[in-house]
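Colleague: Sharing coords-v3.csv here; it has CSV, C-alpha atoms and all ligand atoms.
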```csv
chain,number,residue,atom,x,y,z
A,1258,MET,CA,-58.4,-66.3,23.5
A,1259,GLU,CA,-61.7,-64.9,24.8
A,1260,LYS,CA,-62.4,-61.2,24.8
A,1261,LEU,CA,-64.7,-59.3,27.1
A,1262,THR,CA,-67.2,-57.2,25.1
A,1263,ILE,CA,-68.1,-54.0,26.9
A,1264,ALA,CA,-70.9,-51.7,25.8
A,1265,ILE,CA,-70.8,-48.0,26.6
A,1266,GLN,CA,-72.8,-44.9,25.5
A,1267,LYS,CA,-71.5,-43.7,22.1
A,1268,SER,CA,-71.8,-40.1,22.8
A,1269,GLY,CA,-73.4,-38.5,25.8
A,1270,ARG,CA,-73.1,-37.7,29.5
A,1271,LEU,CA,-71.5,-41.0,30.4
A,1272,THR,CA,-69.0,-41.5,27.6
A,1273,ASP,CA,-65.9,-39.6,28.7
A,1274,LYS,CA,-66.2,-40.5,32.3
A,1275,THR,CA,-66.6,-44.2,31.5
A,1276,LEU,CA,-63.6,-44.2,29.1
A,1277,ASN,CA,-61.6,-42.4,31.7
A,1278,ILE,CA,-62.4,-44.9,34.4
A,1279,LEU,CA,-61.6,-47.8,32.1
A,1280,SER,CA,-58.3,-46.2,31.3
A,1281,GLN,CA,-57.5,-45.9,35.0
A,1282,CYS,CA,-58.2,-49.6,35.2
A,1283,GLY,CA,-55.6,-50.2,32.5
A,1284,LEU,CA,-58.0,-50.6,29.6
A,1285,GLU,CA,-57.0,-48.1,26.9
A,1286,PHE,CA,-59.2,-48.3,23.8
A,1287,HIS,CA,-58.3,-47.1,20.4
A,1288,ILE,CA,-61.4,-45.3,19.2
A,1289,LYS,CA,-61.9,-44.3,15.6
A,1290,LYS,CA,-64.5,-41.7,14.6
A,1291,ASP,CA,-67.9,-43.3,13.6
A,1292,VAL,CA,-66.7,-46.8,14.3
A,1293,LEU,CA,-68.9,-49.1,16.5
A,1294,PHE,CA,-66.1,-51.2,17.9
A,1295,ALA,CA,-62.8,-50.3,19.5
A,1296,SER,CA,-60.0,-52.7,20.4
A,1297,CYS,CA,-57.8,-52.6,23.4
A,1298,ALA,CA,-54.1,-53.3,23.2
A,1299,SER,CA,-53.6,-53.6,27.0
A,1300,TYR,CA,-56.4,-56.1,27.8
A,1301,PRO,CA,-58.4,-58.8,26.1
A,1302,ALA,CA,-61.4,-56.6,25.7
A,1303,GLU,CA,-63.4,-54.9,23.0
A,1304,LEU,CA,-65.6,-51.8,23.3
A,1305,MET,CA,-69.0,-51.5,21.7
A,1306,LEU,CA,-70.1,-47.8,21.3
A,1307,VAL,CA,-73.8,-47.7,21.0
A,1308,ARG,CA,-76.9,-45.7,22.0
A,1309,ASP,CA,-77.4,-45.9,25.7
A,1310,ASP,CA,-81.1,-47.0,25.1
A,1311,ASP,CA,-79.9,-50.1,23.3
A,1312,ILE,CA,-77.4,-51.3,26.0
A,1313,PRO,CA,-80.0,-53.2,28.0
A,1314,ALA,CA,-81.1,-55.2,24.9
A,1315,TYR,CA,-77.5,-56.1,24.0
A,1316,ILE,CA,-76.8,-57.1,27.6
A,1317,ALA,CA,-80.0,-59.2,27.8
A,1318,ASN,CA,-79.2,-61.2,24.7
A,1319,GLY,CA,-75.5,-61.7,25.4
A,1320,THR,CA,-74.2,-59.5,22.5
A,1321,CYS,CA,-72.1,-57.8,25.2
A,1322,ASP,CA,-70.8,-59.2,28.4
A,1323,LEU,CA,-70.7,-56.0,30.4
A,1324,GLY,CA,-72.4,-52.6,30.0
A,1325,PHE,CA,-72.0,-49.2,31.5
A,1326,VAL,CA,-75.5,-47.6,31.5
A,1327,GLY,CA,-77.6,-45.1,33.4
A,1328,GLU,CA,-79.9,-46.7,35.9
A,1329,ASN,CA,-82.7,-44.6,34.4
A,1330,VAL,CA,-82.3,-46.4,31.0
A,1331,LEU,CA,-82.1,-49.8,32.7
A,1332,GLU,CA,-85.2,-49.1,34.9
A,1333,GLU,CA,-87.2,-47.9,31.9
A,1334,LYS,CA,-86.2,-50.7,29.5
A,1335,VAL,CA,-86.0,-53.7,31.8
A,1336,LEU,CA,-87.4,-53.4,35.3
A,1337,LYS,CA,-90.5,-51.6,34.4
A,1338,ASN,CA,-91.1,-53.2,31.1
A,1339,ASN,CA,-90.6,-57.0,31.5
A,1340,ASN,CA,-89.1,-56.7,28.1
A,1341,TYR,CA,-86.6,-59.5,28.5
A,1342,ASP,CA,-86.9,-63.0,30.0
A,1343,LEU,CA,-83.9,-62.5,32.2
A,1344,ASP,CA,-83.0,-60.0,34.8
A,1345,ILE,CA,-80.0,-57.8,34.2
A,1346,PRO,CA,-77.9,-57.8,37.4
A,1347,ILE,CA,-76.2,-54.5,38.5
A,1348,ILE,CA,-72.8,-55.5,39.6
A,1349,LYS,CA,-71.5,-52.1,40.5
A,1350,LYS,CA,-72.8,-48.6,41.1
A,1351,MET,CA,-70.3,-46.3,39.5
A,1352,ASN,CA,-70.8,-43.1,41.5
A,1353,TYR,CA,-70.8,-40.8,38.5
A,1354,GLY,CA,-73.4,-39.8,35.9
A,1355,LYS,CA,-75.7,-38.8,38.7
A,1356,CYS,CA,-78.9,-37.2,37.5
A,1357,ARG,CA,-82.6,-37.2,38.1
A,1358,LEU,CA,-85.7,-37.8,36.0
A,1359,SER,CA,-87.9,-34.8,36.4
A,1360,ILE,CA,-91.1,-33.3,35.1
A,1361,ALA,CA,-90.8,-29.8,33.8
A,1362,VAL,CA,-93.2,-27.2,32.4
A,1363,PRO,CA,-92.8,-23.9,30.6
A,1364,LYS,CA,-91.5,-21.5,33.2
A,1365,GLU,CA,-94.4,-19.0,33.0
A,1366,GLN,CA,-96.9,-21.8,33.5
A,1367,TYR,CA,-98.7,-21.9,36.9
A,1368,PHE,CA,-97.8,-25.0,38.8
A,1369,GLU,CA,-98.7,-25.8,42.4
A,1370,SER,CA,-98.7,-29.6,42.6
A,1371,VAL,CA,-98.6,-32.7,40.4
A,1372,LYS,CA,-102.4,-32.6,40.4
A,1373,ASP,CA,-102.1,-29.7,37.9
A,1374,LEU,CA,-100.9,-32.2,35.4
A,1375,GLU,CA,-104.3,-33.8,35.2
A,1376,GLY,CA,-105.5,-34.1,31.6
A,1377,LYS,CA,-102.1,-32.8,30.3
A,1378,VAL,CA,-99.9,-34.4,27.7
A,1379,ILE,CA,-96.3,-35.1,28.9
A,1380,ALA,CA,-93.6,-35.8,26.3
A,1381,THR,CA,-90.9,-38.3,27.5
A,1382,SER,CA,-88.5,-41.0,26.5
A,1383,TYR,CA,-89.4,-42.7,29.8
A,1384,PRO,CA,-93.1,-43.6,29.6
A,1385,ASN,CA,-92.9,-46.6,31.9
A,1386,ILE,CA,-91.3,-44.8,34.8
A,1387,LEU,CA,-93.6,-41.7,34.2
A,1388,ASN,CA,-96.8,-43.8,34.1
A,1389,ASP,CA,-95.9,-45.6,37.3
A,1390,PHE,CA,-95.4,-42.2,39.0
A,1391,LEU,CA,-98.6,-40.7,37.6
A,1392,LYS,CA,-100.5,-43.8,38.7
A,1393,ALA,CA,-99.0,-43.6,42.2
A,1394,GLN,CA,-100.0,-40.0,42.4
A,1395,GLY,CA,-103.5,-40.7,41.1
A,1396,VAL,CA,-103.0,-38.2,38.2
A,1397,ASP,CA,-104.6,-38.9,34.9
A,1398,ALA,CA,-102.2,-37.5,32.3
A,1399,LYS,CA,-101.0,-38.8,28.9
A,1400,ALA,CA,-97.4,-39.8,28.5
A,1401,THR,CA,-96.4,-39.5,24.9
A,1402,MET,CA,-93.2,-41.2,23.7
A,1403,ILE,CA,-90.5,-39.0,22.1
A,1404,ASN,CA,-87.1,-40.4,21.4
A,1405,GLY,CA,-84.9,-37.2,21.4
A,1406,ALA,CA,-85.0,-33.5,22.0
A,1407,VAL,CA,-87.9,-33.9,24.3
A,1408,GLU,CA,-87.3,-30.4,25.7
A,1409,ILE,CA,-88.6,-28.6,22.6
A,1410,THR,CA,-92.0,-30.3,22.5
A,1411,PRO,CA,-93.8,-27.7,24.7
A,1412,LYS,CA,-92.7,-24.9,22.3
A,1413,LEU,CA,-93.9,-27.0,19.3
A,1414,ASN,CA,-97.3,-27.5,21.1
A,1415,VAL,CA,-96.8,-31.2,21.0
A,1416,ALA,CA,-96.9,-31.4,24.8
A,1417,ASP,CA,-97.8,-29.4,27.8
A,1418,ALA,CA,-95.0,-30.7,29.9
A,1419,ILE,CA,-91.9,-32.9,29.6
A,1420,CYS,CA,-90.4,-35.7,31.7
A,1421,ASP,CA,-86.7,-35.9,31.0
A,1422,ILE,CA,-83.2,-36.4,32.5
A,1423,VAL,CA,-81.8,-33.4,34.4
A,1424,SER,CA,-78.2,-33.2,35.3
A,1425,THR,CA,-77.0,-29.6,35.5
A,1426,GLY,CA,-80.4,-28.1,34.5
A,1427,GLY,CA,-78.8,-26.3,31.6
A,1428,THR,CA,-81.0,-27.9,29.0
A,1429,LEU,CA,-84.2,-27.0,30.8
A,1430,LYS,CA,-83.0,-23.4,31.3
A,1431,ALA,CA,-82.0,-23.0,27.7
A,1432,ASN,CA,-85.5,-24.1,26.7
A,1433,GLY,CA,-87.5,-21.9,29.0
A,1434,LEU,CA,-88.6,-24.8,31.2
A,1435,LYS,CA,-88.8,-25.2,35.0
A,1436,GLU,CA,-88.4,-28.4,37.0
A,1437,VAL,CA,-91.5,-29.1,39.0
A,1438,ALA,CA,-91.2,-32.7,40.2
A,1439,GLN,CA,-88.3,-35.1,40.6
A,1440,ILE,CA,-89.5,-38.7,40.0
A,1441,TYR,CA,-86.4,-40.8,39.8
A,1442,GLN,CA,-82.7,-40.6,40.9
A,1443,SER,CA,-80.1,-42.2,38.7
A,1444,GLU,CA,-76.4,-42.8,38.3
A,1445,CYS,CA,-74.2,-44.9,36.0
A,1446,VAL,CA,-74.1,-48.6,36.8
A,1447,LEU,CA,-72.2,-51.6,35.5
A,1448,VAL,CA,-74.4,-54.4,34.4
A,1449,GLU,CA,-73.5,-58.0,33.4
A,1450,SER,CA,-75.1,-60.2,30.8
A,1451,PRO,CA,-77.4,-62.8,32.4
A,1452,LYS,CA,-76.4,-65.2,29.6
A,1453,SER,CA,-73.8,-67.8,30.7
A,1454,ILE,CA,-70.3,-66.5,30.8
A,1455,CYS,CA,-67.4,-68.9,30.4
A,1456,ASP,CA,-64.8,-69.3,33.1
A,1457,GLU,CA,-62.1,-67.4,31.3
A,1458,LYS,CA,-64.4,-64.3,31.0
A,1459,ARG,CA,-65.6,-64.7,34.6
A,1460,LYS,CA,-62.0,-64.4,35.7
A,1461,MET,CA,-61.6,-61.3,33.6
A,1462,ILE,CA,-64.8,-59.7,35.0
A,1463,ASP,CA,-63.6,-60.4,38.6
A,1464,GLN,CA,-60.2,-58.9,37.8
A,1465,LEU,CA,-61.9,-55.8,36.2
A,1466,LEU,CA,-64.2,-55.5,39.2
A,1467,GLN,CA,-61.2,-55.5,41.6
A,1468,ARG,CA,-59.5,-52.8,39.5
A,1469,LEU,CA,-62.7,-50.7,39.5
A,1470,ASP,CA,-62.9,-51.1,43.3
A,1471,GLY,CA,-59.3,-49.8,43.5
A,1472,VAL,CA,-60.1,-46.8,41.3
A,1473,LEU,CA,-63.4,-46.0,43.0
A,1474,SER,CA,-62.1,-46.3,46.5
A,1475,ALA,CA,-59.3,-43.9,45.7
A,1476,GLN,CA,-61.9,-41.2,44.7
A,1477,ASN,CA,-62.0,-38.6,47.4
A,1478,THR,CA,-59.3,-40.3,49.4
A,1479,LYS,CA,-56.2,-38.3,50.2
A,1480,TYR,CA,-52.7,-39.1,51.4
A,1481,VAL,CA,-51.9,-36.6,54.1
A,1482,MET,CA,-48.4,-36.0,55.4
A,1483,MET,CA,-47.4,-33.7,58.2
A,1484,ASN,CA,-45.0,-33.1,61.1
A,1485,ALA,CA,-46.6,-33.1,64.5
A,1486,SER,CA,-45.7,-33.6,68.2
A,1487,LYS,CA,-46.4,-37.1,69.5
A,1488,ALA,CA,-48.8,-35.6,72.0
A,1489,SER,CA,-51.1,-34.3,69.2
A,1490,LEU,CA,-51.5,-37.6,67.4
A,1491,ASP,CA,-54.9,-38.5,69.0
A,1492,LYS,CA,-56.3,-35.1,68.1
A,1493,ILE,CA,-55.0,-35.5,64.5
A,1494,LYS,CA,-56.7,-38.8,64.1
A,1495,GLU,CA,-60.0,-37.3,65.3
A,1496,ILE,CA,-59.7,-34.5,62.8
A,1497,LEU,CA,-59.1,-36.8,59.8
A,1498,PRO,CA,-62.2,-39.0,59.8
A,1499,GLY,CA,-61.9,-42.5,58.4
A,1500,ALA,CA,-58.1,-42.4,58.7
A,1501,GLU,CA,-56.4,-45.7,59.3
A,1502,GLU,CA,-53.6,-46.1,61.8
A,1503,PRO,CA,-51.1,-43.5,60.7
A,1504,SER,CA,-47.5,-44.3,59.9
A,1505,ILE,CA,-45.2,-42.5,62.3
A,1506,MET,CA,-41.6,-41.8,61.5
A,1507,PRO,CA,-39.0,-40.1,63.6
A,1508,LEU,CA,-37.6,-36.8,62.4
A,1509,ALA,CA,-33.8,-36.6,62.3
A,1510,GLN,CA,-33.6,-33.2,64.1
A,1511,SER,CA,-36.3,-33.6,66.8
A,1512,SER,CA,-37.1,-36.0,69.6
A,1513,ASP,CA,-40.6,-34.7,70.3
A,1514,LYS,CA,-41.8,-34.2,66.7
A,1515,VAL,CA,-42.6,-37.0,64.2
A,1516,ALA,CA,-43.6,-37.3,60.6
A,1517,VAL,CA,-47.2,-38.6,60.3
A,1518,HIS,CA,-48.6,-40.2,57.1
A,1519,ILE,CA,-52.3,-40.9,56.9
A,1520,VAL,CA,-54.7,-42.2,54.3
A,1521,CYS,CA,-57.8,-40.1,54.7
A,1522,LYS,CA,-61.0,-41.6,53.2
A,1523,GLU,CA,-62.8,-38.3,52.8
A,1524,GLU,CA,-62.2,-35.1,51.0
A,1525,VAL,CA,-59.7,-32.9,52.9
A,1526,PHE,CA,-61.1,-29.4,53.0
A,1527,TRP,CA,-59.2,-26.2,53.9
A,1528,LYS,CA,-61.1,-26.2,57.2
A,1529,THR,CA,-59.6,-29.6,58.0
A,1530,ILE,CA,-56.1,-28.4,57.2
A,1531,GLU,CA,-56.6,-25.3,59.4
A,1532,GLN,CA,-57.8,-27.6,62.3
A,1533,LEU,CA,-54.7,-29.7,61.8
A,1534,LYS,CA,-52.5,-26.7,62.0
A,1535,ALA,CA,-54.3,-25.5,65.2
A,1536,ALA,CA,-53.7,-29.0,66.7
A,1537,GLY,CA,-50.0,-28.4,66.2
A,1538,ALA,CA,-49.2,-30.0,62.8
A,1539,SER,CA,-46.9,-28.3,60.4
A,1540,SER,CA,-45.6,-28.9,56.8
A,1541,ILE,CA,-48.9,-30.4,55.8
A,1542,LEU,CA,-49.0,-32.0,52.4
A,1543,VAL,CA,-52.3,-33.4,50.9
A,1544,LEU,CA,-51.8,-35.7,47.9
A,1545,PRO,CA,-54.4,-37.4,45.7
A,1546,ILE,CA,-54.4,-41.2,45.6
A,1547,GLU,CA,-54.7,-42.8,42.2
A,1548,LYS,CA,-55.5,-46.3,43.2
A,1549,TYR,CA,-56.3,-47.7,46.6
A,1550,ILE,CA,-56.2,-51.5,47.0
A,1551,GLN,CA,-57.3,-52.7,50.5
B,1,LIG,C1,-80.2,-35.9,29.1
B,1,LIG,C2,-81.4,-35.1,28.7
B,1,LIG,C3,-80.9,-33.8,28.3
B,1,LIG,C4,-79.6,-33.7,29.2
B,1,LIG,C5,-79.8,-32.9,30.4
B,1,LIG,O1,-79.7,-36.7,28.0
B,1,LIG,O2,-82.1,-35.7,27.6
B,1,LIG,O3,-80.5,-33.7,27.0
B,1,LIG,O4,-79.2,-35.0,29.5
B,1,LIG,O5,-78.6,-32.5,31.0
B,1,LIG,P1,-78.4,-31.1,31.7
B,1,LIG,O6,-79.4,-30.9,32.8
B,1,LIG,O7,-77.0,-31.1,32.2
B,1,LIG,O8,-78.5,-30.0,30.6
B,1,LIG,P2,-78.9,-38.1,28.2
B,1,LIG,O9,-77.5,-37.7,28.5
B,1,LIG,O10,-79.5,-38.9,29.2
B,1,LIG,O11,-78.8,-38.8,26.9
B,1,LIG,P3,-79.9,-39.1,25.7
B,1,LIG,O12,-79.5,-38.2,24.7
B,1,LIG,O13,-79.6,-40.5,25.4
B,1,LIG,O14,-81.2,-38.9,26.3
B,2,ZN,ZN,-80.5,-42.1,25.4
```
Could you write out this structure as structure tokens?
Ligand code: PRP
Ligand code: ZN
Modeller:
Amino acid sequence: MEKLTIAIQKSGRLTDKTLNILSQCGLEFHIKKDVLFASCASYPAELMLVRDDDIPAYIANGTCDLGFVGENVLEEKVLKNNNYDLDIPIIKKMNYGKCRLSIAVPKEQYFESVKDLEGKVIATSYPNILNDFLKAQGVDAKATMINGAVEITPKLNVADAICDIVSTGGTLKANGLKEVAQIYQSECVLVESPKSICDEKRKMIDQLLQRLDGVLSAQNTKYVMMNASKASLDKIKEILPGAEEPSIMPLAQSSDKVAVHIVCKEEVFWKTIEQLKAAGASSILVLPIEKYIQ
């Protein structure tokens, strides 16, 4: 029996979220410390835990069938590098791992515009994306390749500035740096190997994609239940955007009031609940949806 091989970042920003989403899709992996592979009891799949920077290469040469990787890494290694003969198709944007690639300088350093980077040395793990940006801006600066801990290079006098991934901004702050230009926006994406994939694996990928859709579409959707008068139904549908036709059920004790159940495709804020109440709804319950299959 064929097994899908899925590559994920071994340890980093994307690891836990990816494992969590795979588990919501019914793929629970048994991960042992310091082991590269993890097996799955509930699905014919195997996990490869590797450095995120290596994922594009493993996908390009078919070592892995699928990979969860930051668009930033993919862009740097593949799209901007012509490293591989084949394109690596993105088959799903995952909507997590959102971050930006930014230029940062020591916080006391004067900075007005990117022109101030002229003649400077910028340390980065993303020289291709950075050089494209500098060229487009007409700035002559030197991108120097550093593989890890880029943020300490200004302190070590190895570089004047850095270009690195910023998510919360905590790393920059901790190292006395300020963000001065955002050059690329990224999120986690699911990629598929361009090498030929057999029918059996193709079916598994399609099934996994459907499950991912179910999990991703449930994010931010809520199941809202309330009691309301029949006359207020139109107003309620207006307040809950994206709501499908609600289910209406009679209430045993009342001829005017009904129970209303609605799938709301957006976050339901306190303000929304207050508006529902003002429209005449009562006993409002808001529940998270785990999976949503359309
Ligand atoms: C990036 C970057 C910083 C950190 C920034 O690493 O190199 O270390 O995230 O996050 P913060 O703004 O929330 O502090 P990444 O997770 O891309 O992994 P890497 O170690 O492979 O570069
Ligand atoms: Zn990395």
Colleague: Can I get the residues close to ligand LIG 1 (chain B) as a list of chain:residue names, where close means within 7 Å and we count all atoms listed in the file?
Modeller: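 The residues within 7 Å of ligand LIG 1 (chain B), counting all atoms listed in the file, are A:Gly1269, A:Arg1270, A:Arg1308, A:Asp1309, A:Asp1310, A:Gly1405, A:Ala1406, A:Val1407, A:Asp1421, A:Ile1422, A:Val1423, A:Ser1424, A:Thr1425, A:Gly1426, A:Gly1427, A:Thr1428, A:Leu1429.
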Colleague: Env of range 1528-1545 of chain A: 6 Å cut, atoms = only C-alpha atoms, seq-sep filter 6 positions within chain, self excluded. Answer as a compact mmCIF listing (two decimals) with C-alpha atoms, in the coordinates of the input.
Modeller:
```txt
# COMPACT_ATOMS: atom_id res chain seq x y z
CA LYS A 1479 -56.20 -38.30 50.20
CA TYR A 1480 -52.70 -39.10 51.40
CA VAL A 1481 -51.90 -36.60 54.10
CA MET A 1482 -48.40 -36.00 55.40
CA MET A 1483 -47.40 -33.70 58.20
CA ASN A 1484 -45.00 -33.10 61.10
CA ALA A 1485 -46.60 -33.10 64.50
```
Colleague: Counting all atoms listed in the file, which residue out of A:Ala1509, A:Val1330, A:Ala1438, A:Ile1265 sits closest to ligand ZN 2 (chain B)?
Modeller: A:Val1330
Colleague: Just give me the residues with any atom within 12 Å of (-75.7, -60.2, 22.7), file coordinates, counting all atoms listed in the file, written as a list in words.
Modeller: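 So the residues meeting the distance criterion are Leu1261, Thr1262, Ile1263, Ala1264, Met1305, Asp1311, Ile1312, Pro1313, Ala1314, Tyr1315, Ile1316, Ala1317, Asn1318, Gly1319, Thr1320, Cys1321, Asp1322, Leu1323, Gly1324, Glu1449, Ser1450, Pro1451, Lys1452, Ser1453 and Ile1454 of chain A.
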Colleague: Quick one, how far is CA of Gly1433 in chain A from CA of Pro1363 in chain A?
Modeller: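 Separating CA of Gly1433 in chain A from CA of Pro1363 in chain A is a distance of 5.9 Å.
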Colleague: From the set A:Val1448, A:Leu1387, A:Val1396, A:Cys1521, which residue has the shortest atom-to-atom contact distance to Cys1420 in chain A, counting all atoms listed in the file?
Modeller: A:Leu1387
Colleague: Between CA of Thr1275 in chain A and CA of Gly1327 in chain A, what is the spacing in Å?
Modeller: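 According to the coordinates, CA of Gly1327 in chain A and CA of Thr1275 in chain A are separated by 11.2 Å.
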Colleague: Give me, please, the distance in Å between CA of Ser1504 in chain A and CA of Ser1486 in chain A, quoted to one decimal.
Modeller: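 Here the two named atoms are 13.7 Å from each other.
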Colleague: Can you pull out every residue within 8 Å of Asp1397 in chain A, counting all atoms listed in the file, but drop anything in the same chain fewer than 2 positions away, and send it as a PyMOL selection string?
Modeller: chain A and resi 1374-1376+1391-1392+1395+1399
Colleague: Using only C-alpha atoms and all ligand atoms, find the one residue out of A:Cys1356, A:Val1307, A:Ala1488, A:Met1258 that sits nearest to ligand ZN 2 (chain B).
Modeller: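 Smallest distance to ligand ZN 2 (chain B) is found for A:Val1307.
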Colleague: Let me make sure I understand: among A:Glu1333, A:Glu1365, A:Asp1373, A:Glu1495, which one has the smallest atom-to-atom distance to ligand ZN 2 (chain B) if we use only C-alpha atoms and all ligand atoms?
Modeller: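 So, comparing all the options, the nearest one is A:Glu1333.
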Colleague: Using all atoms listed in the file, which residues sit within 10 Å of range 1287-1291 of chain A once same-chain residues fewer than 6 positions away are excluded, as a list of chain:residue names?
Modeller: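 Once the adjacent positions are removed, what remains is A:Lys1267, A:Cys1297, A:Ala1298, A:Glu1303, A:Leu1304, A:Leu1306.
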Colleague: Keeping only C-alpha atoms, write those residues as a PDB file, in the coordinates of the input.
Modeller:
```
ATOM      1  CA  LYS A1267     -71.500 -43.700  22.100  1.00  0.00           C
ATOM      2  CA  CYS A1297     -57.800 -52.600  23.400  1.00  0.00           C
ATOM      3  CA  ALA A1298     -54.100 -53.300  23.200  1.00  0.00           C
ATOM      4  CA  GLU A1303     -63.400 -54.900  23.000  1.00  0.00           C
ATOM      5  CA  LEU A1304     -65.600 -51.800  23.300  1.00  0.00           C
ATOM      6  CA  LEU A1306     -70.100 -47.800  21.300  1.00  0.00           C
TER       7      LEU A1306
END
```
Colleague: May I ask which of the residues A:Asp1470, A:Glu1408, A:Glu1369, A:Glu1285 is the closest one to Ser1382 in chain A, counting all atoms listed in the file?
Modeller: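 Looking at the shortest contact to Ser1382 in chain A, the residue is A:Glu1408.
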Colleague: Which polymer residues have any atom within 8 Å of an atom of Lys1355 in chain A, counting all atoms listed in the file, with same-chain residues fewer than 6 positions away left out, as number ranges by chain?
Modeller: A: 1424, 1442-1445
Colleague: From the list A:Asn1477, A:Thr1272, A:Gln1464, A:Gln1281, which residue is nearest ligand ZN 2 (chain B) when using only C-alpha atoms and all ligand atoms?
Modeller: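 Distance minimum relative to ligand ZN 2 (chain B) lands on A:Thr1272.
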